[in-house]
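Data from input.tsv: TSV, C-alpha atoms
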```
chain	number	residue	atom	x	y	z
A	29	MET	CA	0.00	0.00	0.00
A	30	LYS	CA	2.81	2.36	0.97
A	31	LYS	CA	4.61	1.62	-2.26
A	32	ILE	CA	1.54	2.48	-4.27
A	33	LEU	CA	1.23	5.76	-2.38
A	34	TYR	CA	4.90	6.56	-3.03
A	35	ILE	CA	4.45	5.82	-6.73
A	36	LEU	CA	1.33	7.97	-6.87
A	37	CYS	CA	3.12	10.86	-5.13
A	38	ALA	CA	6.08	10.54	-7.49
A	39	ALA	CA	3.76	10.51	-10.51
A	40	LEU	CA	1.97	13.59	-9.22
A	41	ALA	CA	5.24	15.42	-8.66
A	42	VAL	CA	6.50	14.58	-12.13
A	43	SER	CA	3.23	15.63	-13.77
A	44	ALA	CA	3.22	18.88	-11.76
A	45	CYS	CA	6.72	19.70	-12.97
A	46	TYR	CA	5.71	18.89	-16.52
A	47	LYS	CA	2.64	21.10	-16.28
A	48	GLY	CA	4.63	23.88	-14.66
A	49	SER	CA	7.17	23.94	-17.42
A	50	PHE	CA	4.74	23.54	-20.28
A	51	ARG	CA	3.74	27.19	-20.54
A	52	ASP	CA	7.36	28.19	-20.99
A	53	ASP	CA	8.07	25.40	-23.38
A	54	SER	CA	8.58	26.21	-26.99
A	55	TYR	CA	7.59	24.77	-30.29
A	56	ASN	CA	8.69	25.27	-33.80
A	57	VAL	CA	6.60	27.74	-35.74
A	58	LEU	CA	8.74	30.31	-37.44
A	59	GLY	CA	11.56	27.84	-37.76
A	60	GLY	CA	12.64	28.98	-34.35
A	61	SER	CA	10.77	29.00	-31.13
A	62	TYR	CA	7.57	30.61	-29.99
A	63	ARG	CA	6.92	31.05	-26.32
A	64	TYR	CA	3.39	31.39	-24.96
A	65	PHE	CA	2.62	34.90	-23.83
A	66	SER	CA	1.02	35.46	-20.48
A	67	SER	CA	-1.36	37.85	-22.26
A	68	PRO	CA	-3.89	36.33	-24.67
A	69	ALA	CA	-3.72	39.59	-26.65
A	70	GLY	CA	-0.02	38.88	-27.20
A	71	GLU	CA	-0.79	35.42	-28.46
A	72	TYR	CA	-3.39	36.90	-30.78
A	73	LEU	CA	-0.92	39.38	-32.33
A	74	MET	CA	1.68	36.63	-32.50
A	75	THR	CA	-0.76	34.58	-34.53
A	76	ILE	CA	-1.01	37.44	-37.03
A	77	ALA	CA	2.77	37.78	-37.18
A	78	ASP	CA	3.11	34.06	-37.47
A	79	GLN	CA	0.24	32.33	-39.26
A	80	LEU	CA	-1.00	35.24	-41.32
A	81	VAL	CA	2.33	36.63	-42.56
A	82	THR	CA	4.20	33.37	-42.91
A	83	GLY	CA	1.14	31.76	-44.47
A	84	ALA	CA	1.01	34.52	-47.08
A	85	LEU	CA	4.77	34.38	-47.71
A	86	GLY	CA	4.62	30.61	-48.05
A	87	GLU	CA	1.90	30.90	-50.65
A	88	LEU	CA	3.78	33.64	-52.47
A	89	GLU	CA	6.84	31.39	-52.67
A	90	THR	CA	4.75	28.56	-54.03
A	91	ALA	CA	3.20	30.89	-56.61
A	92	ILE	CA	6.64	32.16	-57.68
A	93	ASP	CA	7.87	28.57	-58.01
A	94	LYS	CA	5.00	27.93	-60.36
A	95	GLY	CA	6.09	30.86	-62.50
A	96	ALA	CA	3.25	33.12	-61.61
A	97	GLY	CA	3.12	36.72	-62.65
A	98	SER	CA	0.01	38.37	-61.27
A	99	VAL	CA	-1.87	35.38	-59.99
A	100	THR	CA	-4.75	34.44	-57.82
A	101	TRP	CA	-3.99	31.77	-55.34
A	102	ALA	CA	-6.54	29.84	-53.38
A	103	SER	CA	-5.65	27.64	-50.47
A	104	LEU	CA	-5.19	29.18	-47.04
A	105	PHE	CA	-6.37	32.54	-48.37
A	106	PRO	CA	-8.94	32.00	-51.12
A	107	GLY	CA	-8.71	34.75	-53.72
A	108	MET	CA	-5.38	36.11	-52.54
A	109	THR	CA	-3.51	37.98	-55.28
A	110	PHE	CA	0.19	38.50	-55.84
A	111	THR	CA	1.14	41.46	-58.00
A	112	PRO	CA	4.77	41.99	-59.01
A	113	ALA	CA	5.93	45.48	-58.09
A	114	LEU	CA	9.66	45.85	-58.60
A	115	GLU	CA	12.26	43.18	-59.17
A	116	ASN	CA	12.00	40.68	-56.29
A	117	GLN	CA	9.08	42.59	-54.87
A	118	TRP	CA	5.43	41.56	-54.77
A	119	LEU	CA	2.29	43.10	-53.41
A	120	ILE	CA	0.14	40.51	-51.66
A	121	THR	CA	-3.48	41.48	-51.18
A	122	TYR	CA	-6.27	39.60	-49.50
A	123	ASP	CA	-9.80	40.28	-48.34
A	124	GLY	CA	-11.73	37.30	-47.10
A	125	PRO	CA	-12.13	34.85	-44.25
A	126	PHE	CA	-9.16	33.83	-42.18
A	127	THR	CA	-9.22	31.34	-39.35
A	128	ILE	CA	-7.37	31.86	-36.09
A	129	GLN	CA	-7.62	28.88	-33.76
A	130	GLY	CA	-10.95	27.82	-35.16
A	131	ASN	CA	-12.53	31.28	-35.44
A	132	SER	CA	-13.01	32.58	-38.95
A	133	TYR	CA	-13.61	36.29	-39.53
A	134	ARG	CA	-13.26	38.68	-42.42
A	135	THR	CA	-9.63	39.65	-42.67
A	136	SER	CA	-8.01	41.99	-45.13
A	137	PHE	CA	-4.39	42.91	-45.56
A	138	GLN	CA	-1.72	44.12	-47.92
A	139	ILE	CA	1.82	42.90	-47.66
A	140	MET	CA	4.59	44.46	-49.68
A	141	ALA	CA	7.11	41.64	-49.71
A	142	THR	CA	10.68	42.13	-50.89
A	143	ARG	CA	12.83	39.06	-51.38
A	144	GLU	CA	16.20	39.60	-49.76
A	145	SER	CA	17.77	36.27	-50.64
A	146	LEU	CA	16.90	32.94	-52.21
A	147	PRO	CA	16.85	29.74	-50.16
A	148	VAL	CA	20.27	28.61	-49.00
A	149	GLY	CA	21.42	25.17	-47.93
A	150	VAL	CA	18.50	22.85	-47.30
A	151	SER	CA	16.23	25.78	-46.52
A	152	SER	CA	12.92	25.73	-48.33
A	153	HIS	CA	12.28	29.44	-47.79
A	154	SER	CA	13.65	32.74	-49.03
A	155	SER	CA	14.37	35.61	-46.68
A	156	TRP	CA	11.93	38.48	-46.92
A	157	SER	CA	11.37	41.96	-45.68
A	158	ILE	CA	7.73	42.91	-45.46
A	159	GLN	CA	5.46	45.83	-44.82
A	160	LEU	CA	2.06	44.79	-43.50
A	161	ASP	CA	-1.15	46.73	-43.22
A	162	GLY	CA	-4.43	45.01	-42.44
A	163	SER	CA	-7.58	44.70	-40.41
A	164	ARG	CA	-9.85	42.01	-39.03
A	165	THR	CA	-13.53	42.46	-38.27
A	166	GLU	CA	-14.94	40.25	-35.55
A	167	ARG	CA	-18.14	39.75	-33.59
A	168	GLU	CA	-19.70	42.12	-31.05
A	169	GLY	CA	-18.34	45.18	-32.88
A	170	TYR	CA	-14.71	44.27	-32.31
A	171	MET	CA	-12.13	45.13	-34.92
A	172	CYS	CA	-8.36	45.30	-35.02
A	173	GLN	CA	-6.03	47.14	-37.32
A	174	TYR	CA	-2.59	45.62	-37.43
A	175	GLN	CA	0.49	46.79	-39.23
A	176	SER	CA	4.21	46.48	-39.31
A	177	VAL	CA	6.06	49.45	-37.88
A	178	GLY	CA	8.67	50.02	-40.54
A	179	GLU	CA	10.05	46.91	-42.20
A	180	VAL	CA	9.89	43.49	-40.65
A	181	ARG	CA	12.40	40.89	-41.78
A	182	TYR	CA	11.73	37.16	-41.94
A	183	VAL	CA	15.08	35.42	-42.23
A	184	ALA	CA	15.46	31.84	-43.41
A	185	GLU	CA	18.84	30.41	-42.55
A	186	GLU	CA	20.39	27.32	-44.09
A	187	ASP	CA	18.38	24.87	-42.03
A	188	ALA	CA	15.01	26.61	-42.37
A	189	THR	CA	13.01	23.68	-43.66
A	190	LEU	CA	9.81	24.29	-41.75
A	191	GLY	CA	9.66	28.03	-41.31
A	192	TRP	CA	11.72	31.14	-40.80
A	193	ASN	CA	14.47	31.06	-38.18
A	194	LYS	CA	14.54	34.67	-37.21
A	195	VAL	CA	12.28	37.67	-37.28
A	196	TYR	CA	13.33	41.27	-36.82
A	197	GLY	CA	10.99	44.20	-36.50
A	198	LYS	CA	7.85	45.41	-34.88
A	199	PHE	CA	4.09	44.93	-35.28
A	200	SER	CA	1.39	47.12	-33.77
A	201	MET	CA	-2.30	46.41	-33.28
A	202	LEU	CA	-5.09	48.83	-32.50
A	203	VAL	CA	-8.19	47.15	-31.07
A	204	THR	CA	-11.51	48.97	-31.25
A	205	ARG	CA	-15.07	48.17	-30.34
A	206	SER	CA	-17.78	50.01	-32.25
A	207	GLY	CA	-15.19	52.61	-33.21
A	208	GLN	CA	-13.95	53.19	-29.65
A	209	LYS	CA	-10.37	52.36	-28.80
A	210	VAL	CA	-10.01	49.35	-26.54
A	211	ASP	CA	-6.31	48.64	-26.66
A	212	ASN	CA	-3.10	49.38	-28.50
A	213	CYS	CA	-0.35	46.78	-28.52
A	214	VAL	CA	3.13	46.32	-29.88
A	215	LEU	CA	4.99	43.09	-30.54
A	216	THR	CA	8.73	43.43	-31.13
A	217	PHE	CA	10.92	40.72	-32.59
A	218	SER	CA	14.67	40.92	-32.25
A	219	GLY	CA	15.72	37.69	-33.89
A	220	PHE	CA	14.74	34.55	-32.14
A	221	PRO	CA	10.89	34.52	-32.18
A	222	GLY	CA	10.75	33.20	-28.63
A	223	GLU	CA	12.37	36.42	-27.46
A	224	ALA	CA	9.57	38.63	-28.80
A	225	GLN	CA	8.39	41.31	-26.42
A	226	PHE	CA	4.74	42.22	-26.12
A	227	ILE	CA	3.38	45.43	-24.62
A	228	ARG	CA	-0.30	46.35	-24.40
A	229	GLY	CA	-2.27	49.26	-23.03
A	230	LEU	CA	-0.37	51.90	-25.02
B	15	MET	CA	-37.34	31.47	4.88
B	16	LYS	CA	-36.13	28.12	3.66
B	17	LYS	CA	-36.55	26.59	7.12
B	18	MET	CA	-40.13	27.87	7.42
B	19	LEU	CA	-41.02	26.38	4.07
B	20	LEU	CA	-39.47	23.06	4.93
B	21	ALA	CA	-41.21	22.99	8.31
B	22	ALA	CA	-44.57	23.73	6.71
B	23	LEU	CA	-43.96	21.08	4.09
B	24	ALA	CA	-43.04	18.55	6.76
B	25	ALA	CA	-46.26	19.36	8.60
B	26	CYS	CA	-48.27	18.70	5.47
B	27	LEU	CA	-46.47	15.40	4.93
B	28	LEU	CA	-46.98	14.28	8.51
B	29	PHE	CA	-50.64	15.27	8.77
B	30	PRO	CA	-52.11	14.70	5.35
B	31	GLY	CA	-55.34	13.20	6.51
B	32	LEU	CA	-56.98	16.25	7.99
B	33	SER	CA	-59.32	16.16	5.06
B	34	LYS	CA	-59.25	17.04	1.37
B	35	ALA	CA	-58.88	20.67	0.41
B	36	GLN	CA	-62.07	21.93	-1.18
B	37	GLY	CA	-61.95	25.70	-1.83
B	38	ARG	CA	-61.89	27.43	-5.19
B	39	HIS	CA	-59.03	29.76	-4.26
B	40	GLU	CA	-55.48	28.65	-3.67
B	41	ILE	CA	-52.27	30.34	-2.65
B	42	ASN	CA	-48.93	28.56	-2.99
B	43	LEU	CA	-45.49	29.38	-1.74
B	44	PHE	CA	-42.60	27.57	-3.42
B	45	ILE	CA	-38.89	27.31	-3.30
B	46	GLY	CA	-37.24	26.04	-6.48
B	47	GLY	CA	-34.23	25.82	-8.68
B	48	TYR	CA	-32.22	26.15	-10.49
B	49	ASN	CA	-32.38	29.66	-11.75
B	50	SER	CA	-32.74	29.76	-15.54
B	51	GLN	CA	-30.61	32.88	-15.77
B	52	TYR	CA	-27.82	30.92	-14.17
B	53	ALA	CA	-28.30	28.18	-16.72
B	54	SER	CA	-28.30	30.48	-19.75
B	55	ALA	CA	-25.38	32.55	-18.47
B	56	ASN	CA	-23.20	29.52	-18.04
B	57	THR	CA	-23.77	28.48	-21.62
B	58	ASN	CA	-22.38	31.85	-22.73
B	59	PHE	CA	-18.93	31.00	-21.51
B	60	VAL	CA	-16.45	31.93	-24.19
B	61	GLY	CA	-13.16	30.26	-24.78
B	62	PRO	CA	-10.50	29.64	-25.80
B	63	TYR	CA	-9.30	33.18	-26.28
B	64	ASN	CA	-9.15	33.09	-30.02
B	65	ASP	CA	-11.07	36.23	-30.85
B	66	LEU	CA	-11.10	39.79	-29.57
B	67	TYR	CA	-14.43	39.51	-27.78
B	68	ALA	CA	-13.18	36.53	-25.84
B	69	ILE	CA	-9.94	38.29	-25.01
B	70	TYR	CA	-11.29	41.69	-24.01
B	71	GLU	CA	-14.78	40.99	-22.70
B	72	TYR	CA	-15.54	39.73	-19.29
B	73	GLN	CA	-15.81	36.04	-18.71
B	74	HIS	CA	-18.51	35.16	-16.25
B	75	THR	CA	-18.71	32.70	-13.43
B	76	TYR	CA	-22.14	32.58	-11.87
B	77	GLU	CA	-23.39	31.60	-8.48
B	78	THR	CA	-27.03	31.45	-7.67
B	79	GLY	CA	-29.54	30.90	-4.92
B	80	PRO	CA	-33.05	29.48	-4.98
B	81	VAL	CA	-35.97	31.07	-6.75
B	82	TYR	CA	-38.96	31.91	-4.55
B	83	THR	CA	-42.43	31.72	-6.02
B	84	LEU	CA	-45.78	32.96	-4.77
B	85	SER	CA	-48.78	31.94	-6.81
B	86	TYR	CA	-52.51	32.44	-6.68
B	87	GLY	CA	-55.17	30.47	-8.50
B	88	TYR	CA	-58.94	30.50	-8.81
B	89	ALA	CA	-60.80	27.43	-10.01
B	90	PRO	CA	-64.01	28.37	-11.87
B	91	ILE	CA	-64.48	24.70	-12.60
B	92	ARG	CA	-63.16	21.67	-10.80
B	93	TRP	CA	-60.30	20.68	-13.10
B	94	ILE	CA	-58.91	24.03	-14.09
B	95	SER	CA	-57.68	27.09	-12.26
B	96	VAL	CA	-56.41	30.42	-13.53
B	97	GLY	CA	-54.17	32.84	-11.71
B	98	ALA	CA	-50.65	34.19	-11.63
B	99	GLN	CA	-47.27	33.53	-10.14
B	100	VAL	CA	-44.62	35.95	-8.94
B	101	ASN	CA	-41.02	34.73	-8.85
B	102	TYR	CA	-37.97	36.24	-7.27
B	103	GLY	CA	-34.41	35.02	-7.83
B	104	LYS	CA	-30.96	36.42	-7.31
B	105	VAL	CA	-27.77	35.60	-9.19
B	106	GLY	CA	-24.38	36.54	-7.83
B	107	VAL	CA	-21.86	37.05	-10.59
B	108	SER	CA	-18.11	36.71	-10.26
B	109	THR	CA	-16.38	38.05	-13.31
B	110	TRP	CA	-12.96	37.36	-14.74
B	111	ARG	CA	-11.39	39.18	-17.65
B	112	ALA	CA	-8.71	37.37	-19.64
B	113	VAL	CA	-6.75	40.29	-21.02
B	114	ASP	CA	-5.54	41.60	-17.65
B	115	ASN	CA	-6.53	38.71	-15.39
B	116	SER	CA	-8.87	40.93	-13.35
B	117	TRP	CA	-11.85	39.94	-11.20
B	118	SER	CA	-14.98	41.83	-10.29
B	119	SER	CA	-18.39	40.95	-8.91
B	120	ASP	CA	-21.98	41.90	-9.55
B	121	LYS	CA	-25.43	40.85	-8.48
B	122	MET	CA	-28.47	40.36	-10.67
B	123	GLU	CA	-32.01	40.18	-9.39
B	124	ASN	CA	-35.00	38.94	-11.32
B	125	ILE	CA	-38.66	39.44	-10.63
B	126	SER	CA	-41.11	37.80	-12.97
B	127	VAL	CA	-44.87	37.90	-13.14
B	128	LEU	CA	-46.59	35.19	-15.13
B	129	PRO	CA	-50.33	34.67	-15.52
B	130	GLN	CA	-50.92	30.94	-15.46
B	131	VAL	CA	-53.41	28.19	-16.22
B	132	LYS	CA	-53.33	25.06	-14.10
B	133	PHE	CA	-54.96	21.79	-15.09
B	134	HIS	CA	-55.93	19.46	-12.28
B	135	ILE	CA	-56.34	15.73	-12.59
B	136	PRO	CA	-58.14	14.49	-9.49
B	137	SER	CA	-56.50	11.23	-8.50
B	138	SER	CA	-57.60	10.49	-4.99
B	139	ARG	CA	-59.01	12.21	-1.97
B	140	HIS	CA	-55.64	13.31	-0.69
B	141	PHE	CA	-53.56	13.33	-3.81
B	142	ARG	CA	-53.93	14.97	-7.16
B	143	LEU	CA	-51.83	15.63	-10.21
B	144	TYR	CA	-51.64	18.81	-12.20
B	145	GLY	CA	-49.90	20.51	-15.13
B	146	LYS	CA	-49.33	24.21	-15.60
B	147	LEU	CA	-48.58	26.72	-18.32
B	148	ALA	CA	-47.56	30.32	-17.57
B	149	LEU	CA	-46.64	33.26	-19.77
B	150	GLY	CA	-45.47	36.68	-18.65
B	151	ALA	CA	-42.43	38.90	-18.25
B	152	THR	CA	-39.22	39.10	-16.23
B	153	LEU	CA	-37.63	42.29	-14.95
B	154	SER	CA	-33.87	41.93	-14.47
B	155	SER	CA	-31.65	44.44	-12.76
B	156	SER	CA	-28.03	44.50	-11.68
B	157	LEU	CA	-25.49	46.87	-10.18
B	158	THR	CA	-23.70	47.45	-13.46
B	159	ALA	CA	-26.18	46.83	-16.27
B	160	LYS	CA	-29.39	48.44	-17.40
B	161	GLN	CA	-32.72	47.06	-16.27
B	162	THR	CA	-34.22	44.78	-18.85
B	163	VAL	CA	-37.67	43.33	-19.35
B	164	LYS	CA	-37.97	40.08	-21.25
B	165	ALA	CA	-40.77	37.73	-22.07
B	166	ALA	CA	-41.00	34.78	-19.71
B	167	TYR	CA	-42.68	31.42	-19.84
B	168	GLU	CA	-42.90	28.34	-17.75
B	169	TRP	CA	-44.21	24.87	-18.34
B	170	VAL	CA	-44.92	22.45	-15.55
B	171	PRO	CA	-45.44	19.06	-17.19
B	172	ILE	CA	-46.30	17.41	-13.92
B	173	GLY	CA	-46.90	18.43	-10.36
B	174	PHE	CA	-48.72	16.89	-7.47
B	175	GLU	CA	-50.45	17.98	-4.31
B	176	TRP	CA	-51.19	15.97	-1.24
B	177	ALA	CA	-53.95	17.56	0.67
B	178	GLY	CA	-54.80	18.61	4.17
B	179	GLN	CA	-58.02	20.43	4.98
B	180	PHE	CA	-56.65	23.85	4.21
B	181	PHE	CA	-52.95	23.37	3.78
B	182	TYR	CA	-51.36	20.97	1.38
B	183	GLY	CA	-47.89	20.06	0.24
B	184	THR	CA	-46.93	20.39	-3.39
B	185	ALA	CA	-44.05	19.54	-5.67
B	186	GLU	CA	-43.61	20.08	-9.37
B	187	LEU	CA	-41.19	19.75	-12.24
B	188	ALA	CA	-40.75	22.97	-14.19
B	189	THR	CA	-38.89	24.27	-17.19
B	190	GLY	CA	-38.76	27.69	-18.83
B	191	THR	CA	-37.17	31.06	-18.33
B	192	VAL	CA	-37.72	31.17	-14.58
B	193	ILE	CA	-36.33	27.87	-13.37
B	194	GLN	CA	-35.13	24.66	-14.88
B	195	GLY	CA	-35.72	21.83	-12.50
B	196	GLY	CA	-38.43	21.80	-9.91
B	197	ARG	CA	-40.09	23.31	-6.87
B	198	ILE	CA	-41.47	22.23	-3.58
B	199	GLY	CA	-43.85	24.27	-1.52
B	200	ILE	CA	-46.97	24.58	0.52
B	201	GLY	CA	-50.42	25.65	-0.53
B	202	PHE	CA	-53.49	27.01	1.15
B	203	ARG	CA	-56.91	26.43	-0.38
B	204	PHE	CA	-59.99	28.30	0.75
```

Translate this structure into structure tokens?
Amino acid sequence: MKKILYILCAALAVSACYKGSFRDDSYNVLGGSYRYFSSPAGEYLMTIADQLVTGALGELETAIDKGAGSVTWASLFPGMTFTPALENQWLITYDGPFTIQGNSYRTSFQIMATRESLPVGVSSHSSWSIQLDGSRTEREGYMCQYQSVGEVRYVAEEDATLGWNKVYGKFSMLVTRSGQKVDNCVLTFSGFPGEAQFIRGL
Amino acid sequence: MKKMLLAALAACLLFPGLSKAQGRHEINLFIGGYNSQYASANTNFVGPYNDLYAIYEYQHTYETGPVYTLSYGYAPIRWISVGAQVNYGKVGVSTWRAVDNSWSSDKMENISVLPQVKFHIPSSRHFRLYGKLALGATLSSSLTAKQTVKAAYEWVPIGFEWAGQFFYGTAELATGTVIQGGRIGIGFRF
């Protein structure tokens, strides 16, 4: 009986440690590491910086590989268009539904994407600098306008097979409800995505 | 209040054989649960925090007490009575907001008035079944929100009374916008 109790206690202790460390654990999203933010608003803006931008860049790369000029692409973003601007520069535009963690709302954005370098090594991605400007309209009168502050760089190093290793730059997000300001946030990347800093209430 | 009701109900259970209740008028006092506002509020829980409303709006955790009901009925014929019920319930609200992990509390009170029709099925001298349908309105007020008036309804598929001469015990199942569950109470027929 005592042994069973000891085993149970040990199992509880191990599971508690596991649970305690889970929130600070990391997983591979941008080819690097993404740490959970203590603020759900930070996680929300991170999703835009991550899934929305990298999703659009990924689809742009696929479209370029297929020899597209001005094309319409339909997978993650149905109806998204890529318009060549200058050499190695494309304007990505989208206005339609986009799903974040199971919630789909009308999302529109423009990304001016400039290719800095082609894939190197076994990397499957180019490095890009982007300028983002977009909005998302949600239920109960909520809306957010998100944008890059200056240029944001998505860097794919030699081993970037899944995503981008490093991100440099800053995103801001203005949250409104029925036209009234609710929050203003900034997410700053300085390389390793897990080191991103989030500030809200500006 | 609760103790008085339970004591009166116990008296009716212990002394049911005084005689059958015969009057055309009846007054009932019930205690019941659980509060429908509690039930509907709990289903509004939002999560995970994957949209702005969920992130920035308050998340609610509700606590509730019983709903008290006072009803009156008049029986123009033996198997039917018409009247009204007045219900009072209170919901204590503890509120948590995800974006800054803040808590606050509020209290909501509901008073509803529902005209009702009650159908009696005489079963025996001391026991009878009934069903009830009520339609009316509920006034809700809280410390932080505006007063609201909403339509209210209640359906009692089955209830029963066991009779004393004047006082009787009663219990019923009920569903609607007032309570979801049931009530017990005492009645007085004259």

| Distance atom CA of Phe133 of chain B-atom CA of Ala89 of chain B, one decimal place? | 9.6 Å

| Could you list, as an NGL selection string, every residue of chain A that has an atom within 9 Å of an atom of chain B, counting all atoms listed in the file? | :A and (67-69 or 71-72 or 128-131 or 166-172 or 203 or 210-211)

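Coordinates place atom CA of Ala177 of chain B at a distance of 28.5 Å from atom CA of Gly150 of chain B.
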
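Reported to one decimal place, the separation of atom CA of Met74 of chain A from atom CA of Tyr182 of chain A is 13.8 Å.
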
| request: Would you list the residues near (-24.1, 47.1, -16.6), meaning any protein, DNA or RNA residue with an atom at most 12 Å from that point in file coordinates, counting only C-alpha atoms, as a PyMOL selection string? | output: chain B and resi 72+107+119-122+154-162

Counting only C-alpha atoms, which residues sit no farther than 12 Å from the position (7.6, 41.9, -52.0) in the file's frame? I'd like them as an mmCIF file with C-alpha atoms, in the coordinates of the input.
```
data_model
loop_
_atom_site.group_PDB
_atom_site.id
_atom_site.type_symbol
_atom_site.label_atom_id
_atom_site.label_comp_id
_atom_site.auth_asym_id
_atom_site.auth_seq_id
_atom_site.Cartn_x
_atom_site.Cartn_y
_atom_site.Cartn_z
ATOM 1 C CA ALA A 84 1.010 34.520 -47.080
ATOM 2 C CA LEU A 85 4.770 34.380 -47.710
ATOM 3 C CA LEU A 88 3.780 33.640 -52.470
ATOM 4 C CA GLU A 89 6.840 31.390 -52.670
ATOM 5 C CA ILE A 92 6.640 32.160 -57.680
ATOM 6 C CA PHE A 110 0.190 38.500 -55.840
ATOM 7 C CA THR A 111 1.140 41.460 -58.000
ATOM 8 C CA PRO A 112 4.770 41.990 -59.010
ATOM 9 C CA ALA A 113 5.930 45.480 -58.090
ATOM 10 C CA LEU A 114 9.660 45.850 -58.600
ATOM 11 C CA GLU A 115 12.260 43.180 -59.170
ATOM 12 C CA ASN A 116 12.000 40.680 -56.290
ATOM 13 C CA GLN A 117 9.080 42.590 -54.870
ATOM 14 C CA TRP A 118 5.430 41.560 -54.770
ATOM 15 C CA LEU A 119 2.290 43.100 -53.410
ATOM 16 C CA ILE A 120 0.140 40.510 -51.660
ATOM 17 C CA THR A 121 -3.480 41.480 -51.180
ATOM 18 C CA GLN A 138 -1.720 44.120 -47.920
ATOM 19 C CA ILE A 139 1.820 42.900 -47.660
ATOM 20 C CA MET A 140 4.590 44.460 -49.680
ATOM 21 C CA ALA A 141 7.110 41.640 -49.710
ATOM 22 C CA THR A 142 10.680 42.130 -50.890
ATOM 23 C CA ARG A 143 12.830 39.060 -51.380
ATOM 24 C CA GLU A 144 16.200 39.600 -49.760
ATOM 25 C CA SER A 145 17.770 36.270 -50.640
ATOM 26 C CA SER A 154 13.650 32.740 -49.030
ATOM 27 C CA SER A 155 14.370 35.610 -46.680
ATOM 28 C CA TRP A 156 11.930 38.480 -46.920
ATOM 29 C CA SER A 157 11.370 41.960 -45.680
ATOM 30 C CA ILE A 158 7.730 42.910 -45.460
ATOM 31 C CA GLN A 159 5.460 45.830 -44.820
ATOM 32 C CA LEU A 160 2.060 44.790 -43.500
ATOM 33 C CA GLU A 179 10.050 46.910 -42.200
ATOM 34 C CA VAL A 180 9.890 43.490 -40.650
ATOM 35 C CA ARG A 181 12.400 40.890 -41.780
ATOM 36 C CA TYR A 182 11.730 37.160 -41.940
#
```

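For segment 186-200 of chain B, the list of residues within 7 Å, based on all atoms listed in the file and with local chain neighbours fewer than 3 positions off taken out, reads Leu19, Ala22, Leu23, Asn42, Leu43, Phe44, Ile45, Gly46, Gly47, Tyr48, Asn49, Ser50, Ala166, Tyr167, Glu168, Trp169, Val170, Pro171, Ile172, Gly173, Phe174, Phe181, Tyr182 and Gly183 of chain B.
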